[in-house]
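> Input: one structure, supplied below.
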Amino acid sequence: MDTEGDSLEREGVDKGSPRNNVEGGDRNDNGRRSHPKSELSKFVMLHFRQQEDGKIQCILCNKAWKSLHNITRLRDHFVRKSGSKSWKDQKWALAQEMTGMPFRTFVHLAMKEAYQYSSSIAGYKFPSEKKLRTVLLDTNYAQVKDATEKRMWDHTVGRRATMSCDGWINVRGRPLLNIMYVGRHGEILYKHVDGSNTHKDSHWVADAIIKAIEEVGPENILQFTADNAPVNKLAGFLIRSRYSHIIFGGCVAHGLDLVC
């Protein structure tokens with residue numbers, strides 16, 4: 001008489017084949033079946049905490065149960081809560097508070113677009129800090145630089161525009177001079193010049209502006225404008241002495257602010 005094992009071998013089925021696992025669980029590393037309830041218990045203990053009084057508390061909403069008697073019910077509760085909008089909002093708020101991100105970050109169009117595109121991809125993970133600091137930063141810098149230069153030349157060549165500058169100090173305490181191109185199509189931040197370890201007098205300002213004018217083309221610039229500080233006024237005189245067609249105009253808003 002054939003044994004059960006012999007009949008299985010004739011059918012081409014091994015004793016360790018998935019056919020023998022129909023009634024429960026996957027096999028673990030030792031080849032033994034893990035009971036579905038044990039996997040469910042691991043899930044529950046991962047997402048619930050046990051209080052001092054013995055009750056089981058949900059880590060999302062802090063709702064408590066007397067015991068782990070009905071682990072399926074606990075699992076279903078966690079799935080419902082983790083999919084709710086209020087819980088997701090709470091996680092975003094916690095991330096903002098712990099990282100110190102400005103609140104205005106969440107109303108920025110770039111932030112909304114990044115979330116929209118990434119959330120549409122199942123299993124998407126944030127890029128690593130190293131990738132953000134290196135590859136992605138270099139790529140975005142090159143793209144923005146190319147787009148800015150293209151816009152500059154499209155709106156500058158053959159047109160008369162204004163070159164403007166303003167000094168400021170960044171978060172690292174470095175004095176910078178912003179140089180902007182102002183045309184009928186709007187303003188473009190052309191470049192900034194680092195003024196660290198430099199005496200920022202009228203000659204330094206004039207040299208920085210003259211270099212920018214030469215890069216754009218003197219024939220494309222009609223006016224140089226800045227605030228009404230004495231340094232800028234003298235810089236405007238030096239620029240005009242070199243380019244007779246370029247006029248200097250002070251800042252009206254700055255003048256009104258000084259009057260008031």
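Going by the structure tokens order, chains are called A, B, ..., each with residues numbered from 1, while ligands are numbered from 1 in the order shown.
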Using DSSP assignments from the backbone, pull out every residue in range 124-178 of chain A that falls under strand (DSSP E) and give it to me as a ChimeraX atom specification.

/A:161-169,175-178

> Residues of range 71-181 of chain A that approach range 219-225 of chain A to 6 Å or less, counting only C-alpha atoms: could you list each one with the shortest pair of atoms and its distance in Å to one decimal, rows by chain and increasing residue number, as JSON lines?


```
{"residue": "A:Arg159", "atom": "CA", "partner": "A:Asn220", "partner_atom": "CA", "distance": 5.6}
{"residue": "A:Arg160", "atom": "CA", "partner": "A:Asn220", "partner_atom": "CA", "distance": 4.8}
{"residue": "A:Ala161", "atom": "CA", "partner": "A:Ile221", "partner_atom": "CA", "distance": 4.9}
{"residue": "A:Thr162", "atom": "CA", "partner": "A:Gln223", "partner_atom": "CA", "distance": 4.7}
{"residue": "A:Met163", "atom": "CA", "partner": "A:Phe224", "partner_atom": "CA", "distance": 4.9}
{"residue": "A:Ser164", "atom": "CA", "partner": "A:Thr225", "partner_atom": "CA", "distance": 4.9}
```

> Between A:Ala226, A:Ile210, A:Val171, A:Ala147, single out the one closest to Ser241 in chain A, counting only C-alpha atoms.

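Checking each candidate against Ser241 in chain A, we get A:Ile210 as the closest.
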
> Which polymer residues have any atom within 10 Å of an atom of Met152 in chain A, counting only C-alpha atoms, with same-chain residues fewer than 4 positions away left out, as a list of chain:residue names?

A:Asp146, A:Ala147, A:Thr148, A:Thr156, A:Val157, A:Tyr181, A:Val182, A:Gly183, A:Glu187, A:Ile188, A:Leu189, A:Tyr190, A:Val216

> Atoms to include: C-alpha atoms. Write the selected residues as an mmCIF file, in the first residue's frame.


```
data_model
loop_
_atom_site.group_PDB
_atom_site.id
_atom_site.type_symbol
_atom_site.label_atom_id
_atom_site.label_comp_id
_atom_site.auth_asym_id
_atom_site.auth_seq_id
_atom_site.Cartn_x
_atom_site.Cartn_y
_atom_site.Cartn_z
ATOM 1 C CA ASP A 146 20.898 78.162 -16.645
ATOM 2 C CA ALA A 147 17.303 79.403 -16.347
ATOM 3 C CA THR A 148 18.432 82.737 -14.846
ATOM 4 C CA THR A 156 18.416 92.252 -21.739
ATOM 5 C CA VAL A 157 19.870 92.095 -25.228
ATOM 6 C CA TYR A 181 18.850 93.530 -12.987
ATOM 7 C CA VAL A 182 15.570 95.446 -13.258
ATOM 8 C CA GLY A 183 13.706 95.519 -16.566
ATOM 9 C CA GLU A 187 13.611 91.895 -11.368
ATOM 10 C CA ILE A 188 16.337 89.265 -11.444
ATOM 11 C CA LEU A 189 18.936 88.711 -8.745
ATOM 12 C CA TYR A 190 22.000 88.706 -10.970
ATOM 13 C CA VAL A 216 25.739 92.123 -19.186
#
```

> Could you give me, as a ChimeraX atom specification, each residue of range 84-167 of chain A that DSSP assigns to alpha helix (DSSP H) when run on this structure's backbone?

/A:85-99,109-119,129-131,137-156

> What gap, in Å, lies between CA of Asp201 in chain A and CA of Asp257 in chain A?

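Computed distance, CA of Asp201 in chain A to CA of Asp257 in chain A, equals 23.1 Å.
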
> Name the residues in contact with Ala206 in chain A at a cut-off of 10 Å, using only C-alpha atoms, excluding same-chain residues fewer than 3 positions from it; report them as a count of residues only.

17
